[in-house]
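> What follows is target-v6.pdb, made up of PDB, C-alpha atoms:
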ATOM      1  CA  MET F   1      -1.591  16.918 -21.725  1.00  0.00           C
ATOM      2  CA  ALA F   2       0.281  15.289 -18.860  1.00  0.00           C
ATOM      3  CA  SER F   3       0.865  11.582 -19.108  1.00  0.00           C
ATOM      4  CA  GLU F   4      -1.148   9.543 -16.673  1.00  0.00           C
ATOM      5  CA  MET F   5       0.566   7.331 -14.160  1.00  0.00           C
ATOM      6  CA  PRO F   6      -0.430   3.685 -14.471  1.00  0.00           C
ATOM      7  CA  LYS F   7      -2.685   2.543 -11.677  1.00  0.00           C
ATOM      8  CA  LYS F   8      -0.982   0.608  -8.949  1.00  0.00           C
ATOM      9  CA  LYS F   9      -2.008  -3.001  -9.118  1.00  0.00           C
ATOM     10  CA  GLU F  10      -3.462  -4.527  -5.996  1.00  0.00           C
ATOM     11  CA  THR F  11      -0.780  -6.311  -4.003  1.00  0.00           C
ATOM     12  CA  ASP F  12      -1.359  -9.978  -3.275  1.00  0.00           C
ATOM     13  CA  ARG F  13      -1.406  -9.799   0.495  1.00  0.00           C
ATOM     14  CA  ARG F  14      -1.616 -13.548   1.298  1.00  0.00           C
ATOM     15  CA  HIS F  15       2.060 -13.902   2.110  1.00  0.00           C
ATOM     16  CA  ILE F  16       2.256 -10.557   3.911  1.00  0.00           C
ATOM     17  CA  GLU F  17      -0.659 -11.458   6.156  1.00  0.00           C
ATOM     18  CA  ALA F  18       0.679 -14.958   6.832  1.00  0.00           C
ATOM     19  CA  GLY F  19       4.101 -13.623   7.855  1.00  0.00           C
ATOM     20  CA  LEU F  20       2.610 -10.856   9.968  1.00  0.00           C
ATOM     21  CA  SER F  21       0.434 -13.422  11.710  1.00  0.00           C
ATOM     22  CA  VAL F  22       3.562 -15.333  12.741  1.00  0.00           C
ATOM     23  CA  LEU F  23       5.254 -12.158  13.984  1.00  0.00           C
ATOM     24  CA  THR F  24       2.268 -10.885  15.953  1.00  0.00           C
ATOM     25  CA  SER F  25       1.721 -14.307  17.541  1.00  0.00           C
ATOM     26  CA  LEU F  26       5.086 -13.836  19.273  1.00  0.00           C
ATOM     27  CA  LYS F  27       3.755 -11.060  21.489  1.00  0.00           C
ATOM     28  CA  GLY F  28       1.009 -13.196  23.001  1.00  0.00           C
ATOM     29  CA  ASP F  29      -0.793 -11.140  25.622  1.00  0.00           C
ATOM     30  CA  ALA F  30       2.234  -8.932  26.295  1.00  0.00           C
ATOM     31  CA  GLY F  31       1.471  -6.292  23.658  1.00  0.00           C
ATOM     32  CA  ASN F  32       3.453  -4.300  21.148  1.00  0.00           C
ATOM     33  CA  ARG F  33       5.687  -2.527  23.682  1.00  0.00           C
ATOM     34  CA  ALA F  34       7.000  -5.840  25.044  1.00  0.00           C
ATOM     35  CA  LEU F  35       7.463  -7.125  21.496  1.00  0.00           C
ATOM     36  CA  PHE F  36       9.409  -3.968  20.613  1.00  0.00           C
ATOM     37  CA  ARG F  37      11.670  -4.463  23.669  1.00  0.00           C
ATOM     38  CA  GLN F  38      12.332  -8.083  22.700  1.00  0.00           C
ATOM     39  CA  VAL F  39      13.116  -7.243  19.075  1.00  0.00           C
ATOM     40  CA  TYR F  40      15.227  -4.115  19.645  1.00  0.00           C
ATOM     41  CA  GLY F  41      16.539  -4.741  23.164  1.00  0.00           C
ATOM     42  CA  ARG F  42      15.430  -1.317  24.387  1.00  0.00           C
ATOM     43  CA  GLU F  43      12.405   0.829  25.080  1.00  0.00           C
ATOM     44  CA  PRO F  44      10.987   2.826  22.162  1.00  0.00           C
ATOM     45  CA  ASP F  45      12.352   6.380  22.050  1.00  0.00           C
ATOM     46  CA  SER F  46       8.870   7.817  21.666  1.00  0.00           C
ATOM     47  CA  GLN F  47       5.225   6.917  21.278  1.00  0.00           C
ATOM     48  CA  SER F  48       5.660   7.699  17.589  1.00  0.00           C
ATOM     49  CA  GLU F  49       8.390   5.061  17.273  1.00  0.00           C
ATOM     50  CA  LEU F  50       6.160   2.494  18.989  1.00  0.00           C
ATOM     51  CA  ASN F  51       3.256   3.452  16.715  1.00  0.00           C
ATOM     52  CA  THR F  52       5.428   3.027  13.617  1.00  0.00           C
ATOM     53  CA  PHE F  53       6.518  -0.395  14.843  1.00  0.00           C
ATOM     54  CA  SER F  54       2.917  -1.377  15.604  1.00  0.00           C
ATOM     55  CA  ASN F  55       1.718  -0.174  12.201  1.00  0.00           C
ATOM     56  CA  ARG F  56       4.310  -2.338  10.450  1.00  0.00           C
ATOM     57  CA  LEU F  57       2.603  -5.332  12.073  1.00  0.00           C
ATOM     58  CA  GLN F  58      -0.919  -4.426  10.937  1.00  0.00           C
ATOM     59  CA  PRO F  59      -2.221  -6.787   8.229  1.00  0.00           C
ATOM     60  CA  GLY F  60      -3.893  -3.999   6.274  1.00  0.00           C
ATOM     61  CA  ARG F  61      -0.954  -1.608   6.504  1.00  0.00           C
ATOM     62  CA  GLY F  62       2.267  -3.494   6.981  1.00  0.00           C
ATOM     63  CA  ASN F  63       4.629  -4.986   4.441  1.00  0.00           C
ATOM     64  CA  PRO F  64       7.807  -5.476   6.451  1.00  0.00           C
ATOM     65  CA  GLY F  65      11.163  -5.544   4.738  1.00  0.00           C
ATOM     66  CA  LEU F  66      13.904  -8.071   5.244  1.00  0.00           C
ATOM     67  CA  ASP F  67      15.720  -5.813   7.721  1.00  0.00           C
ATOM     68  CA  PHE F  68      12.634  -5.872   9.954  1.00  0.00           C
ATOM     69  CA  LEU F  69      12.210  -9.636   9.584  1.00  0.00           C
ATOM     70  CA  GLY F  70      15.882 -10.163  10.373  1.00  0.00           C
ATOM     71  CA  LYS F  71      15.507  -8.358  13.708  1.00  0.00           C
ATOM     72  CA  PHE F  72      12.706 -10.763  14.639  1.00  0.00           C
ATOM     73  CA  VAL F  73      14.775 -13.802  13.625  1.00  0.00           C
ATOM     74  CA  GLU F  74      17.645 -12.564  15.818  1.00  0.00           C
ATOM     75  CA  ALA F  75      15.303 -12.014  18.771  1.00  0.00           C
ATOM     76  CA  TYR F  76      13.293 -15.240  18.414  1.00  0.00           C
ATOM     77  CA  PRO F  77      15.426 -18.331  17.686  1.00  0.00           C
ATOM     78  CA  GLU F  78      12.323 -20.368  16.868  1.00  0.00           C
ATOM     79  CA  LEU F  79      11.921 -18.286  13.713  1.00  0.00           C
ATOM     80  CA  ALA F  80      15.398 -19.307  12.552  1.00  0.00           C
ATOM     81  CA  LYS F  81      14.234 -22.907  12.653  1.00  0.00           C
ATOM     82  CA  MET F  82      11.180 -22.262  10.452  1.00  0.00           C
ATOM     83  CA  SER F  83      11.299 -22.783   6.726  1.00  0.00           C
ATOM     84  CA  LEU F  84      10.140 -19.943   4.514  1.00  0.00           C
ATOM     85  CA  GLY F  85       7.245 -22.156   3.485  1.00  0.00           C
ATOM     86  CA  GLU F  86       6.154 -22.473   7.102  1.00  0.00           C
ATOM     87  CA  PHE F  87       6.570 -18.764   7.737  1.00  0.00           C
ATOM     88  CA  PHE F  88       4.513 -17.746   4.710  1.00  0.00           C
ATOM     89  CA  ARG F  89       2.099 -20.699   5.005  1.00  0.00           C
ATOM     90  CA  VAL F  90       2.901 -21.950   1.529  1.00  0.00           C
ATOM     91  CA  LYS F  91       1.659 -25.455   0.870  1.00  0.00           C
ATOM     92  CA  GLU F  92       3.685 -27.787  -1.320  1.00  0.00           C
TER      93      GLU F  92
END
Would you kindly transcribe this structure into structure tokens?

Amino acid sequence: MASEMPKKKETDRRHIEAGLSVLTSLKGDAGNRALFRQVYGREPDSQSELNTFSNRLQPGRGNPGLDFLGKFVEAYPELAKMSLGEFFRVKE
């Protein structure tokens, strides 16, 4: 009998959704393509690359890593001035 894999516990998404909200607010009405250009300094190589980028910003799908967050901080100086508490909407 094969051993069963333990069930994946539900991820607490509060902090993910709070951070993604900050990141997506940066695009305003411009859309994901303009946000991609600002973050990476170039056009996406393909529609697939733009879709991957867009999916990483979706609250139900995304859980961006520090490399992704770092690109946003480089592109948007106002993020560098935020505390982690502000970014993740953590109350003291």
> Please determine, counting only C-alpha atoms, which residue among F:Pro64, F:Ser83, F:Gly70, F:Glu4 has the shortest atom-to-atom distance to Thr52 in chain F.
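Once distances to Thr52 in chain F are computed over only C-alpha atoms, the minimum belongs to F:Pro64.
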> Between CA of Gly65 in chain F and CA of Ile16 in chain F, what is the distance in Å, rounded to a tenth?
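Between CA of Gly65 in chain F and CA of Ile16 in chain F the gap works out to 10.3 Å.
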> Can you tell me which residues surround Arg42 in chain F at a distance of at most 10 Å, considering only C-alpha atoms, apart from same-chain residues fewer than 6 positions away, and format the answer as a list in words?
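These residues fall inside the cut-off: Arg33, Ala34 and Phe36 of chain F.
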> Counting all atoms listed in the file, which residues sit no farther than 12 Å from the position (0.8, -11.3, 11.8) in the file's frame? I'd like them as a PDB file with C-alpha atoms, in the coordinates of the input.

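Output saved as point36.pdb:
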ATOM      1  CA  ARG F  13      -1.406  -9.799   0.495  1.00  0.00           C
ATOM      2  CA  ARG F  14      -1.616 -13.548   1.298  1.00  0.00           C
ATOM      3  CA  HIS F  15       2.060 -13.902   2.110  1.00  0.00           C
ATOM      4  CA  ILE F  16       2.256 -10.557   3.911  1.00  0.00           C
ATOM      5  CA  GLU F  17      -0.659 -11.458   6.156  1.00  0.00           C
ATOM      6  CA  ALA F  18       0.679 -14.958   6.832  1.00  0.00           C
ATOM      7  CA  GLY F  19       4.101 -13.623   7.855  1.00  0.00           C
ATOM      8  CA  LEU F  20       2.610 -10.856   9.968  1.00  0.00           C
ATOM      9  CA  SER F  21       0.434 -13.422  11.710  1.00  0.00           C
ATOM     10  CA  VAL F  22       3.562 -15.333  12.741  1.00  0.00           C
ATOM     11  CA  LEU F  23       5.254 -12.158  13.984  1.00  0.00           C
ATOM     12  CA  THR F  24       2.268 -10.885  15.953  1.00  0.00           C
ATOM     13  CA  SER F  25       1.721 -14.307  17.541  1.00  0.00           C
ATOM     14  CA  LEU F  26       5.086 -13.836  19.273  1.00  0.00           C
ATOM     15  CA  LYS F  27       3.755 -11.060  21.489  1.00  0.00           C
ATOM     16  CA  GLY F  28       1.009 -13.196  23.001  1.00  0.00           C
ATOM     17  CA  ASN F  32       3.453  -4.300  21.148  1.00  0.00           C
ATOM     18  CA  SER F  54       2.917  -1.377  15.604  1.00  0.00           C
ATOM     19  CA  ASN F  55       1.718  -0.174  12.201  1.00  0.00           C
ATOM     20  CA  ARG F  56       4.310  -2.338  10.450  1.00  0.00           C
ATOM     21  CA  LEU F  57       2.603  -5.332  12.073  1.00  0.00           C
ATOM     22  CA  GLN F  58      -0.919  -4.426  10.937  1.00  0.00           C
ATOM     23  CA  PRO F  59      -2.221  -6.787   8.229  1.00  0.00           C
ATOM     24  CA  GLY F  60      -3.893  -3.999   6.274  1.00  0.00           C
ATOM     25  CA  ARG F  61      -0.954  -1.608   6.504  1.00  0.00           C
ATOM     26  CA  GLY F  62       2.267  -3.494   6.981  1.00  0.00           C
ATOM     27  CA  ASN F  63       4.629  -4.986   4.441  1.00  0.00           C
ATOM     28  CA  PRO F  64       7.807  -5.476   6.451  1.00  0.00           C
ATOM     29  CA  LEU F  69      12.210  -9.636   9.584  1.00  0.00           C
ATOM     30  CA  PHE F  87       6.570 -18.764   7.737  1.00  0.00           C
ATOM     31  CA  PHE F  88       4.513 -17.746   4.710  1.00  0.00           C
ATOM     32  CA  ARG F  89       2.099 -20.699   5.005  1.00  0.00           C
TER      33      ARG F  89
END
> Between CA of Asn51 in chain F and CA of Ala30 in chain F, what is the distance in Å, rounded to a tenth?
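Value for the CA of Asn51 in chain F-CA of Ala30 in chain F distance: 15.7 Å.
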> What is the distance between CA of Gly41 in chain F and CA of Ala75 in chain F, in Å to one decimal?
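CA of Ala75 in chain F lies 8.6 Å from CA of Gly41 in chain F.
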